[in-house]
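Visitor: Following this message is one structure expressed as structure tokens.
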Amino acid sequence: MSGKGSQEEILRLFRRKGGDYLSGEEISQGLGVSRTAVWKHIRQLRDQGYTIEAVPSKGYRLAEAPDRLLPAEIQAGLETQRIGREVVYFEETDSTNLRAHELGAGGYPDGTVIIADRQSAGKGRLGRRWASPEGVNLYTSVLLRPDILPFMAPQLTFLSAVAVARAIGEASGLQPRVKWPNDVLLSGKKVAGLLNEMHAETEGIHYVILGIGVNLNMRPEQFPGDLRYPATSVAIEKGSTVSRTGFARCLYREIDRLYERYLAEGVAPIIREWEGLCDLVGRQVEVDCQQRIIRGLVTGLDEDGALLVRTAEGTEERILAGDVRPMKGE
Ligand code: BT5
């Protein structure tokens, strides 16, 4: 077993003890390693920020775990059907979506979760960048293998938006809103961004990747200077930090619930929940679609995830891509 694997195993043993002492003998037998090796692993865990008490006659006790997004931490008590049964963690990677493509091609199962503590080239849409400093946020990609047709894949963006909004609500007590097509907002500012990608052929989908970046404990000075849209973090809005591990677990549970429901009932319930979270439904907006600007009343979303806008002329436009903003005075 690698050093990392042994450390995760020790954490698992601690969890099983539920806060009680674990003797050096139990650990060395559980892992099949010497007492000296156990001591070395304990020291390495301490170096990573774990507070582990050692009492000569009793053994070791895990007093406090750091807020690191380690697979064993996240999987403890996760209880999901599919999401996060497999968790792949990177201290640093260029983009979790790129790793997810590799794992998708490598046959990893439906529900595999990829997490990075920091990204050196976090991706936004259209070649844009996602600021991904270490130690503060969640950067994750979820690999799904739904049995759906390629044209249905954009529906899953709304699944992730609803899951992120629910998880932020639970973690903060605040009321997040969604912005079409791929943002989640707190106090009108962007707190999370979604980047879904897929690998498909005409007859079917190989896999879909839900790329999710949530600003949890990011501080104001950590945001890039050239933001396209005002941005914030959960901690800035709430006034105190949130547990990254707790949030991640909550998010994967919400995705799991919504995904089960999606597979059973289709996208309609998700669209209805998304519409309830969107401030723009029922308002006059302006949508910049690059070639032209469409103005009108947002009436909702259709099942393909297109924004429905009724123009002054009475026609209903289905908008698949564009930047939407409320009309002045709205
Ligand atoms: C998005 O793009 O909102 C999608 C972001 C998806 C990020 C996740 S992290 C895990 C996974 N792995 C990846 O590599 N990506 C996904 P877009 O709508 O294009 O917004 C990008 C724009 O938001 C940038 O051009 C900036 O103006 C702004 N921005 C950059 N970093 C930000 C941050 N951390 N919070 C808020 N806004 C940010």
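Please note that chains go A, B, ... in the order of the structure tokens, that every chain numbers its residues from 1, and that ligands are numbered from 1 in the order shown.
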Based on DSSP run over this structure's backbone, return all residues of segment 14-141 of chain A in strand (DSSP E), as a short mmCIF file (atom, residue, chain, number, x, y, z; two decimals) with N, CA, C and O atoms, in the first residue's frame.
Guide:
```cif
data_model
loop_
_atom_site.label_atom_id
_atom_site.label_comp_id
_atom_site.auth_asym_id
_atom_site.auth_seq_id
_atom_site.Cartn_x
_atom_site.Cartn_y
_atom_site.Cartn_z
N THR A 51 -4.95 16.65 13.94
CA THR A 51 -4.54 16.66 15.34
C THR A 51 -4.77 15.26 15.88
O THR A 51 -5.92 14.81 16.00
N ILE A 52 -3.69 14.54 16.14
CA ILE A 52 -3.80 13.17 16.63
C ILE A 52 -3.13 13.09 18.00
O ILE A 52 -1.94 13.38 18.14
N GLU A 53 -3.94 12.77 19.00
CA GLU A 53 -3.40 12.66 20.35
C GLU A 53 -2.81 11.26 20.54
O GLU A 53 -3.37 10.29 20.02
N ALA A 54 -1.72 11.19 21.30
CA ALA A 54 -1.12 9.88 21.60
C ALA A 54 -1.01 9.73 23.10
O ALA A 54 -0.44 10.59 23.78
N VAL A 55 -1.63 8.68 23.64
CA VAL A 55 -1.55 8.40 25.07
C VAL A 55 -0.94 7.00 25.22
O VAL A 55 -1.47 6.04 24.67
N GLY A 59 -3.18 4.51 23.12
CA GLY A 59 -2.96 4.56 21.67
C GLY A 59 -3.21 5.94 21.11
O GLY A 59 -2.90 6.95 21.76
N TYR A 60 -3.85 5.96 19.94
CA TYR A 60 -4.02 7.24 19.23
C TYR A 60 -5.50 7.61 19.13
O TYR A 60 -6.37 6.75 19.03
N ARG A 61 -5.73 8.92 19.11
CA ARG A 61 -7.11 9.39 18.94
C ARG A 61 -7.10 10.57 17.97
O ARG A 61 -6.27 11.48 18.10
N LEU A 62 -8.02 10.53 17.01
CA LEU A 62 -8.12 11.65 16.05
C LEU A 62 -8.97 12.74 16.69
O LEU A 62 -10.19 12.60 16.84
N ALA A 63 -8.32 13.85 17.10
CA ALA A 63 -9.05 14.91 17.79
C ALA A 63 -9.66 15.89 16.79
O ALA A 63 -10.76 16.39 16.99
N GLU A 64 -8.95 16.15 15.71
CA GLU A 64 -9.47 17.13 14.73
C GLU A 64 -8.88 16.87 13.35
O GLU A 64 -7.68 16.62 13.23
N VAL A 87 -13.88 8.40 -5.61
CA VAL A 87 -13.43 9.80 -5.54
C VAL A 87 -11.95 9.86 -5.90
O VAL A 87 -11.15 9.13 -5.32
N VAL A 88 -11.61 10.70 -6.86
CA VAL A 88 -10.21 10.84 -7.27
C VAL A 88 -9.77 12.26 -6.92
O VAL A 88 -10.39 13.23 -7.36
N TYR A 89 -8.71 12.35 -6.11
CA TYR A 89 -8.30 13.65 -5.58
C TYR A 89 -6.94 14.08 -6.10
O TYR A 89 -6.01 13.26 -6.19
N PHE A 90 -6.84 15.36 -6.44
CA PHE A 90 -5.56 15.94 -6.84
C PHE A 90 -5.28 17.15 -5.96
O PHE A 90 -6.15 18.00 -5.79
N GLU A 91 -4.05 17.21 -5.47
CA GLU A 91 -3.62 18.39 -4.75
C GLU A 91 -3.65 19.57 -5.73
O GLU A 91 -4.14 20.64 -5.43
N GLU A 92 -3.09 19.34 -6.90
CA GLU A 92 -3.13 20.35 -7.97
C GLU A 92 -3.29 19.64 -9.31
O GLU A 92 -2.70 18.59 -9.55
N THR A 93 -4.11 20.22 -10.17
CA THR A 93 -4.18 19.72 -11.54
C THR A 93 -4.51 20.92 -12.43
O THR A 93 -4.86 21.99 -11.93
N THR A 112 -18.42 8.79 -10.73
CA THR A 112 -17.06 9.07 -10.25
C THR A 112 -16.89 10.58 -10.06
O THR A 112 -17.33 11.38 -10.89
N VAL A 113 -16.23 10.93 -8.96
CA VAL A 113 -16.04 12.34 -8.62
C VAL A 113 -14.55 12.67 -8.67
O VAL A 113 -13.73 11.90 -8.17
N ILE A 114 -14.22 13.78 -9.28
CA ILE A 114 -12.83 14.24 -9.32
C ILE A 114 -12.80 15.57 -8.57
O ILE A 114 -13.66 16.43 -8.78
N ILE A 115 -11.79 15.72 -7.71
CA ILE A 115 -11.67 16.95 -6.92
C ILE A 115 -10.23 17.44 -6.99
O ILE A 115 -9.31 16.62 -6.98
N ALA A 116 -10.05 18.76 -7.04
CA ALA A 116 -8.69 19.30 -6.91
C ALA A 116 -8.70 20.39 -5.85
O ALA A 116 -9.67 21.15 -5.73
N ASP A 117 -7.60 20.46 -5.09
CA ASP A 117 -7.51 21.54 -4.11
C ASP A 117 -7.25 22.85 -4.84
O ASP A 117 -7.71 23.91 -4.40
N ARG A 118 -6.49 22.81 -5.93
CA ARG A 118 -6.30 24.00 -6.76
C ARG A 118 -6.15 23.57 -8.21
O ARG A 118 -5.76 22.44 -8.50
N GLN A 119 -6.50 24.51 -9.11
CA GLN A 119 -6.35 24.23 -10.54
C GLN A 119 -5.41 25.27 -11.14
O GLN A 119 -5.53 26.47 -10.86
N LEU A 138 -14.23 24.80 -3.81
CA LEU A 138 -14.42 23.43 -4.32
C LEU A 138 -14.34 23.47 -5.85
O LEU A 138 -15.08 24.24 -6.49
N TYR A 139 -13.44 22.67 -6.40
CA TYR A 139 -13.36 22.49 -7.86
C TYR A 139 -13.58 21.01 -8.10
O TYR A 139 -12.76 20.19 -7.67
N THR A 140 -14.67 20.68 -8.75
CA THR A 140 -14.99 19.26 -8.88
C THR A 140 -15.62 18.96 -10.23
O THR A 140 -16.25 19.84 -10.85
N SER A 141 -15.43 17.74 -10.68
CA SER A 141 -16.11 17.26 -11.89
C SER A 141 -16.74 15.92 -11.55
O SER A 141 -16.14 15.11 -10.87
#
```
Visitor: List as a count of residues only the protein and nucleic acid residues lying within 8 Å of ligand 1, with only C-alpha atoms and all ligand atoms counted.
Guide: 48
Visitor: Might you pull out every residue within 9 Å of Leu258 of chain A, with only C-alpha atoms counted and same-chain residues fewer than 4 positions away left off, and present them as a list of chain:residue names?
Guide: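 Listed by chain and then number, they are A:Leu159, A:Ser160, A:Val162, A:Ala163, A:Arg253, A:Glu254, A:Tyr262, A:Leu263, A:Ile270.
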Visitor: When DSSP is applied to the backbone of this structure, which of segment 73-182 of chain A are assigned helix (DSSP H, G or I)? Write them out as number ranges by chain.
Guide: A: 73-75, 96-105, 125-127, 150-152, 155-172
Visitor: Neighbours of Asp302 of chain A within 10 Å (only C-alpha atoms; same-chain residues fewer than 4 positions away dropped), as number ranges by chain?
Guide: A: 155, 267-268, 271-272, 306-308, 318-319
Visitor: Take the residues from that selection and put them in a file with all heavy atoms, as a PDB file, in the first residue's frame.
Guide:
```pdb
ATOM      1  N   GLN A 155     -29.427  19.294 -20.581  1.00  0.00           N
ATOM      2  CA  GLN A 155     -30.369  19.271 -19.444  1.00  0.00           C
ATOM      3  C   GLN A 155     -29.624  19.119 -18.121  1.00  0.00           C
ATOM      4  O   GLN A 155     -30.068  19.601 -17.085  1.00  0.00           O
ATOM      5  CB  GLN A 155     -31.325  18.059 -19.590  1.00  0.00           C
ATOM      6  CG  GLN A 155     -32.199  18.134 -20.806  1.00  0.00           C
ATOM      7  CD  GLN A 155     -33.027  16.865 -21.001  1.00  0.00           C
ATOM      8  OE1 GLN A 155     -32.708  15.817 -20.462  1.00  0.00           O
ATOM      9  NE2 GLN A 155     -34.094  16.986 -21.774  1.00  0.00           N
ATOM     10  N   VAL A 267     -36.399  15.310 -17.163  1.00  0.00           N
ATOM     11  CA  VAL A 267     -35.884  16.606 -16.716  1.00  0.00           C
ATOM     12  C   VAL A 267     -36.969  17.544 -16.157  1.00  0.00           C
ATOM     13  O   VAL A 267     -36.658  18.521 -15.491  1.00  0.00           O
ATOM     14  CB  VAL A 267     -35.112  17.288 -17.879  1.00  0.00           C
ATOM     15  CG1 VAL A 267     -36.068  17.885 -18.908  1.00  0.00           C
ATOM     16  CG2 VAL A 267     -34.151  18.343 -17.353  1.00  0.00           C
ATOM     17  N   ALA A 268     -38.262  17.224 -16.412  1.00  0.00           N
ATOM     18  CA  ALA A 268     -39.332  18.179 -16.071  1.00  0.00           C
ATOM     19  C   ALA A 268     -39.273  18.673 -14.607  1.00  0.00           C
ATOM     20  O   ALA A 268     -39.334  19.893 -14.381  1.00  0.00           O
ATOM     21  CB  ALA A 268     -40.694  17.587 -16.413  1.00  0.00           C
ATOM     22  N   ILE A 271     -36.434  21.189 -14.244  1.00  0.00           N
ATOM     23  CA  ILE A 271     -36.724  22.469 -14.905  1.00  0.00           C
ATOM     24  C   ILE A 271     -37.656  23.304 -14.017  1.00  0.00           C
ATOM     25  O   ILE A 271     -37.462  24.503 -13.839  1.00  0.00           O
ATOM     26  CB  ILE A 271     -37.392  22.233 -16.296  1.00  0.00           C
ATOM     27  CG1 ILE A 271     -36.437  21.471 -17.223  1.00  0.00           C
ATOM     28  CG2 ILE A 271     -37.904  23.532 -16.899  1.00  0.00           C
ATOM     29  CD1 ILE A 271     -35.425  22.282 -17.949  1.00  0.00           C
ATOM     30  N   ARG A 272     -38.667  22.650 -13.440  1.00  0.00           N
ATOM     31  CA  ARG A 272     -39.614  23.406 -12.582  1.00  0.00           C
ATOM     32  C   ARG A 272     -38.885  23.996 -11.386  1.00  0.00           C
ATOM     33  O   ARG A 272     -39.097  25.152 -11.023  1.00  0.00           O
ATOM     34  CB  ARG A 272     -40.764  22.495 -12.121  1.00  0.00           C
ATOM     35  CG  ARG A 272     -41.879  22.397 -13.157  1.00  0.00           C
ATOM     36  CD  ARG A 272     -43.157  21.885 -12.527  1.00  0.00           C
ATOM     37  NE  ARG A 272     -42.991  20.537 -11.994  1.00  0.00           N
ATOM     38  CZ  ARG A 272     -43.097  19.420 -12.721  1.00  0.00           C
ATOM     39  NH1 ARG A 272     -43.386  19.497 -14.018  1.00  0.00           N
ATOM     40  NH2 ARG A 272     -42.942  18.233 -12.172  1.00  0.00           N
ATOM     41  N   ALA A 306     -33.398  25.467 -23.327  1.00  0.00           N
ATOM     42  CA  ALA A 306     -33.427  26.760 -24.024  1.00  0.00           C
ATOM     43  C   ALA A 306     -34.259  27.746 -23.211  1.00  0.00           C
ATOM     44  O   ALA A 306     -35.278  27.382 -22.619  1.00  0.00           O
ATOM     45  CB  ALA A 306     -34.020  26.596 -25.415  1.00  0.00           C
ATOM     46  N   LEU A 307     -33.789  29.010 -23.196  1.00  0.00           N
ATOM     47  CA  LEU A 307     -34.536  30.061 -22.506  1.00  0.00           C
ATOM     48  C   LEU A 307     -35.664  30.518 -23.442  1.00  0.00           C
ATOM     49  O   LEU A 307     -35.434  30.776 -24.625  1.00  0.00           O
ATOM     50  CB  LEU A 307     -33.594  31.229 -22.212  1.00  0.00           C
ATOM     51  CG  LEU A 307     -34.117  32.306 -21.286  1.00  0.00           C
ATOM     52  CD1 LEU A 307     -34.195  31.791 -19.839  1.00  0.00           C
ATOM     53  CD2 LEU A 307     -33.204  33.534 -21.329  1.00  0.00           C
ATOM     54  N   LEU A 308     -36.875  30.612 -22.908  1.00  0.00           N
ATOM     55  CA  LEU A 308     -38.011  31.019 -23.735  1.00  0.00           C
ATOM     56  C   LEU A 308     -38.305  32.491 -23.475  1.00  0.00           C
ATOM     57  O   LEU A 308     -38.514  32.903 -22.332  1.00  0.00           O
ATOM     58  CB  LEU A 308     -39.235  30.172 -23.384  1.00  0.00           C
ATOM     59  CG  LEU A 308     -39.049  28.656 -23.554  1.00  0.00           C
ATOM     60  CD1 LEU A 308     -40.262  27.887 -23.047  1.00  0.00           C
ATOM     61  CD2 LEU A 308     -38.788  28.318 -25.025  1.00  0.00           C
ATOM     62  N   ARG A 318     -36.670  30.726 -28.826  1.00  0.00           N
ATOM     63  CA  ARG A 318     -35.963  29.697 -28.028  1.00  0.00           C
ATOM     64  C   ARG A 318     -34.486  30.023 -28.104  1.00  0.00           C
ATOM     65  O   ARG A 318     -33.894  29.940 -29.173  1.00  0.00           O
ATOM     66  CB  ARG A 318     -36.153  28.314 -28.638  1.00  0.00           C
ATOM     67  CG  ARG A 318     -37.492  27.707 -28.466  1.00  0.00           C
ATOM     68  CD  ARG A 318     -37.520  26.330 -29.122  1.00  0.00           C
ATOM     69  NE  ARG A 318     -36.724  25.346 -28.389  1.00  0.00           N
ATOM     70  CZ  ARG A 318     -35.590  24.818 -28.815  1.00  0.00           C
ATOM     71  NH1 ARG A 318     -35.057  25.174 -29.962  1.00  0.00           N
ATOM     72  NH2 ARG A 318     -34.952  23.913 -28.088  1.00  0.00           N
ATOM     73  N   ILE A 319     -33.891  30.392 -26.971  1.00  0.00           N
ATOM     74  CA  ILE A 319     -32.492  30.823 -27.018  1.00  0.00           C
ATOM     75  C   ILE A 319     -31.599  29.761 -26.396  1.00  0.00           C
ATOM     76  O   ILE A 319     -31.774  29.379 -25.235  1.00  0.00           O
ATOM     77  CB  ILE A 319     -32.334  32.173 -26.288  1.00  0.00           C
ATOM     78  CG1 ILE A 319     -33.276  33.182 -26.952  1.00  0.00           C
ATOM     79  CG2 ILE A 319     -30.901  32.658 -26.347  1.00  0.00           C
ATOM     80  CD1 ILE A 319     -33.440  34.457 -26.192  1.00  0.00           C
TER      81      ILE A 319
END
```
Visitor: Check the smallest atom-to-atom distance from each of A:Gly322, A:Gly188, A:Pro154, A:Gly300 to Val287 of chain A using only C-alpha atoms, then report the winner.
Guide: A:Gly322
Visitor: Skip Ile10 of chain A itself and residues of its chain fewer than 5 positions away, then list as number ranges by chain all residues within 12 Å of it, counting only C-alpha atoms.
Guide: A: 1, 3-5, 15-17, 22-24, 26-33, 37-45, 50, 52, 60-62, 72-73
Visitor: Let me see the file: selected residues, N, CA, C and O atoms, as a compact mmCIF listing (two decimals), in the first residue's frame.
Guide:
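And here's selection_24.txt as it stands now:
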```
# COMPACT_ATOMS: atom_id res chain seq x y z
N MET A 1 0.86 -1.21 0.00
CA MET A 1 0.00 0.00 0.00
C MET A 1 0.89 1.25 0.00
O MET A 1 1.90 1.27 0.70
N GLY A 3 2.09 5.21 0.75
CA GLY A 3 1.99 6.01 1.97
C GLY A 3 0.63 6.65 2.09
O GLY A 3 -0.01 6.61 3.14
N LYS A 4 0.16 7.21 0.98
CA LYS A 4 -1.16 7.89 0.96
C LYS A 4 -2.27 6.90 1.28
O LYS A 4 -3.17 7.18 2.05
N GLY A 5 -2.20 5.72 0.65
CA GLY A 5 -3.21 4.68 0.87
C GLY A 5 -3.24 4.27 2.33
O GLY A 5 -4.31 4.11 2.92
N ARG A 15 -12.21 6.61 12.03
CA ARG A 15 -13.65 6.90 11.88
C ARG A 15 -14.49 5.78 12.47
O ARG A 15 -15.49 6.00 13.13
N ARG A 16 -14.04 4.55 12.19
CA ARG A 16 -14.79 3.40 12.68
C ARG A 16 -14.85 3.41 14.22
O ARG A 16 -15.80 2.97 14.82
N LYS A 17 -13.81 3.95 14.85
CA LYS A 17 -13.75 4.01 16.31
C LYS A 17 -14.62 5.14 16.86
O LYS A 17 -14.85 5.22 18.07
N LEU A 22 -7.42 4.26 19.46
CA LEU A 22 -7.09 3.14 18.58
C LEU A 22 -5.65 2.77 18.95
O LEU A 22 -4.77 3.63 18.91
N SER A 23 -5.42 1.52 19.32
CA SER A 23 -4.06 1.19 19.75
C SER A 23 -3.12 1.05 18.55
O SER A 23 -3.57 0.74 17.44
N GLY A 24 -1.84 1.25 18.82
CA GLY A 24 -0.84 1.10 17.76
C GLY A 24 -0.89 -0.30 17.18
O GLY A 24 -0.71 -0.51 15.99
N GLU A 26 -3.59 -2.27 16.95
CA GLU A 26 -4.75 -2.39 16.06
C GLU A 26 -4.42 -1.82 14.67
O GLU A 26 -4.79 -2.39 13.66
N ILE A 27 -3.75 -0.67 14.68
CA ILE A 27 -3.42 -0.05 13.39
C ILE A 27 -2.42 -0.94 12.63
O ILE A 27 -2.60 -1.20 11.45
N SER A 28 -1.41 -1.40 13.33
CA SER A 28 -0.39 -2.16 12.61
C SER A 28 -0.97 -3.47 12.08
O SER A 28 -0.66 -3.89 10.98
N GLN A 29 -1.90 -4.07 12.84
CA GLN A 29 -2.54 -5.29 12.32
C GLN A 29 -3.49 -4.98 11.17
O GLN A 29 -3.50 -5.68 10.17
N GLY A 30 -4.26 -3.91 11.35
CA GLY A 30 -5.23 -3.51 10.31
C GLY A 30 -4.55 -3.26 8.98
O GLY A 30 -5.09 -3.56 7.91
N LEU A 31 -3.36 -2.69 9.04
CA LEU A 31 -2.67 -2.33 7.80
C LEU A 31 -1.63 -3.36 7.37
O LEU A 31 -1.12 -3.32 6.26
N GLY A 32 -1.32 -4.25 8.30
CA GLY A 32 -0.27 -5.24 8.01
C GLY A 32 1.10 -4.59 7.89
O GLY A 32 1.88 -4.95 7.01
N VAL A 33 1.38 -3.60 8.75
CA VAL A 33 2.70 -2.95 8.73
C VAL A 33 3.26 -2.91 10.15
O VAL A 33 2.54 -3.17 11.12
N ALA A 37 6.29 1.79 11.19
CA ALA A 37 5.62 2.36 10.00
C ALA A 37 4.37 3.12 10.43
O ALA A 37 4.07 4.19 9.91
N VAL A 38 3.65 2.57 11.41
CA VAL A 38 2.43 3.25 11.91
C VAL A 38 2.82 4.63 12.43
O VAL A 38 2.19 5.64 12.09
N TRP A 39 3.87 4.65 13.23
CA TRP A 39 4.31 5.92 13.81
C TRP A 39 4.66 6.92 12.71
O TRP A 39 4.31 8.10 12.78
N LYS A 40 5.30 6.44 11.66
CA LYS A 40 5.68 7.32 10.53
C LYS A 40 4.43 7.90 9.86
O LYS A 40 4.34 9.09 9.59
N HIS A 41 3.42 7.04 9.64
CA HIS A 41 2.19 7.52 9.00
C HIS A 41 1.46 8.54 9.90
O HIS A 41 0.91 9.52 9.41
N ILE A 42 1.46 8.28 11.19
CA ILE A 42 0.80 9.21 12.12
C ILE A 42 1.51 10.57 12.04
O ILE A 42 0.85 11.62 11.97
N ARG A 43 2.84 10.53 11.99
CA ARG A 43 3.59 11.79 11.90
C ARG A 43 3.25 12.53 10.61
O ARG A 43 3.03 13.73 10.60
N GLN A 44 3.12 11.76 9.51
CA GLN A 44 2.79 12.42 8.23
C GLN A 44 1.37 13.00 8.26
O GLN A 44 1.13 14.07 7.71
N LEU A 45 0.45 12.30 8.92
CA LEU A 45 -0.90 12.85 9.03
C LEU A 45 -0.88 14.16 9.83
O LEU A 45 -1.57 15.12 9.49
N TYR A 50 -3.69 17.08 10.67
CA TYR A 50 -4.55 16.30 11.55
C TYR A 50 -4.04 16.43 12.98
O TYR A 50 -2.82 16.35 13.21
N ILE A 52 -3.69 14.54 16.14
CA ILE A 52 -3.80 13.17 16.63
C ILE A 52 -3.13 13.09 18.00
O ILE A 52 -1.94 13.38 18.14
N TYR A 60 -3.85 5.96 19.94
CA TYR A 60 -4.02 7.24 19.23
C TYR A 60 -5.50 7.61 19.13
O TYR A 60 -6.37 6.75 19.03
N ARG A 61 -5.73 8.92 19.11
CA ARG A 61 -7.11 9.39 18.94
C ARG A 61 -7.10 10.57 17.97
O ARG A 61 -6.27 11.48 18.10
N LEU A 62 -8.02 10.53 17.01
CA LEU A 62 -8.12 11.65 16.05
C LEU A 62 -8.97 12.74 16.69
O LEU A 62 -10.19 12.60 16.84
N ALA A 72 -11.31 9.95 1.70
CA ALA A 72 -11.82 9.27 2.90
C ALA A 72 -12.71 10.20 3.72
O ALA A 72 -13.72 9.79 4.29
N GLU A 73 -12.33 11.49 3.77
CA GLU A 73 -13.13 12.47 4.52
C GLU A 73 -14.51 12.62 3.89
O GLU A 73 -15.52 12.67 4.57
```
Visitor: Counting only C-alpha atoms, what is within 9 Å of Ala105 of chain A, bar same-chain residues fewer than 2 positions away, as a PyMOL selection string?
Guide: chain A and resi 100-103+107-108+199+206-207
Visitor: Since we have the selection now, will you write its residues out, keeping all heavy atoms, as a CSV table (one decimal), in the first residue's frame?
Guide:
```csv
chain,number,residue,atom,x,y,z
A,100,ALA,N,-11.3,14.4,-15.8
A,100,ALA,CA,-12.6,13.6,-15.9
A,100,ALA,C,-12.7,13.0,-17.3
A,100,ALA,O,-13.1,11.9,-17.4
A,100,ALA,CB,-13.8,14.5,-15.6
A,101,HIS,N,-12.2,13.7,-18.3
A,101,HIS,CA,-12.2,13.2,-19.7
A,101,HIS,C,-11.3,11.9,-19.7
A,101,HIS,O,-11.7,10.9,-20.3
A,101,HIS,CB,-11.7,14.2,-20.7
A,101,HIS,CG,-12.8,15.1,-21.2
A,101,HIS,ND1,-13.8,14.7,-21.9
A,101,HIS,CD2,-12.9,16.5,-21.0
A,101,HIS,CE1,-14.6,15.7,-22.2
A,101,HIS,NE2,-14.1,16.8,-21.7
A,102,GLU,N,-10.2,12.0,-19.1
A,102,GLU,CA,-9.3,10.8,-19.1
A,102,GLU,C,-9.9,9.6,-18.4
A,102,GLU,O,-9.9,8.5,-18.9
A,102,GLU,CB,-8.0,11.2,-18.4
A,102,GLU,CG,-7.0,12.1,-19.2
A,102,GLU,CD,-5.9,12.6,-18.3
A,102,GLU,OE1,-5.7,12.2,-17.2
A,102,GLU,OE2,-5.2,13.5,-18.9
A,103,LEU,N,-10.5,9.9,-17.2
A,103,LEU,CA,-11.1,8.8,-16.4
A,103,LEU,C,-12.3,8.3,-17.2
A,103,LEU,O,-12.6,7.1,-17.1
A,103,LEU,CB,-11.5,9.3,-15.0
A,103,LEU,CG,-10.3,9.8,-14.2
A,103,LEU,CD1,-10.8,10.2,-12.8
A,103,LEU,CD2,-9.2,8.7,-14.1
A,107,GLY,N,-12.8,4.3,-18.6
A,107,GLY,CA,-13.8,3.4,-18.1
A,107,GLY,C,-14.3,3.5,-16.7
A,107,GLY,O,-14.9,2.7,-16.1
A,108,TYR,N,-13.9,4.7,-16.0
A,108,TYR,CA,-14.3,4.9,-14.6
A,108,TYR,C,-15.9,4.9,-14.6
A,108,TYR,O,-16.5,5.3,-15.5
A,108,TYR,CB,-13.8,6.2,-14.1
A,108,TYR,CG,-12.4,5.9,-13.4
A,108,TYR,CD1,-11.3,5.6,-14.2
A,108,TYR,CD2,-12.3,6.1,-12.0
A,108,TYR,CE1,-10.1,5.4,-13.5
A,108,TYR,CE2,-11.1,5.9,-11.4
A,108,TYR,CZ,-10.0,5.5,-12.2
A,108,TYR,OH,-8.8,5.3,-11.6
A,199,HIS,N,-18.9,13.5,-24.1
A,199,HIS,CA,-18.2,12.7,-25.1
A,199,HIS,C,-19.3,11.8,-25.7
A,199,HIS,O,-19.8,11.0,-25.0
A,199,HIS,CB,-17.1,11.9,-24.6
A,199,HIS,CG,-16.3,11.2,-25.6
A,199,HIS,ND1,-15.8,11.7,-26.7
A,199,HIS,CD2,-16.1,9.8,-25.7
A,199,HIS,CE1,-15.2,10.8,-27.4
A,199,HIS,NE2,-15.4,9.6,-26.8
A,206,HIS,N,-21.2,8.6,-24.4
A,206,HIS,CA,-20.2,7.8,-23.7
A,206,HIS,C,-20.2,8.3,-22.3
A,206,HIS,O,-20.3,7.5,-21.3
A,206,HIS,CB,-18.8,7.9,-24.3
A,206,HIS,CG,-18.8,7.3,-25.7
A,206,HIS,ND1,-19.0,6.0,-26.0
A,206,HIS,CD2,-18.6,7.9,-26.9
A,206,HIS,CE1,-18.9,5.8,-27.2
A,206,HIS,NE2,-18.7,6.9,-27.9
A,207,TYR,N,-20.1,9.6,-22.1
A,207,TYR,CA,-20.2,10.1,-20.7
A,207,TYR,C,-20.4,11.6,-20.8
A,207,TYR,O,-20.2,12.3,-21.8
A,207,TYR,CB,-18.9,9.8,-19.9
A,207,TYR,CG,-17.6,10.3,-20.6
A,207,TYR,CD1,-17.2,11.7,-20.5
A,207,TYR,CD2,-16.8,9.5,-21.3
A,207,TYR,CE1,-16.1,12.1,-21.1
A,207,TYR,CE2,-15.6,9.9,-21.9
A,207,TYR,CZ,-15.3,11.3,-21.8
A,207,TYR,OH,-14.1,11.7,-22.4
```
Visitor: Distance atom CA of Ile205 of chain A-atom CA of Ile148 of chain A, one decimal place?
Guide: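 Interatomic distance, atom CA of Ile205 of chain A to atom CA of Ile148 of chain A: 6.6 Å.
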Visitor: Could you check which of A:Trp180, A:Tyr21, A:Phe158, A:Phe14 is closest to Val281 of chain A, using only C-alpha atoms?
Guide: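 Closest to Val281 of chain A, using only C-alpha atoms: A:Trp180.
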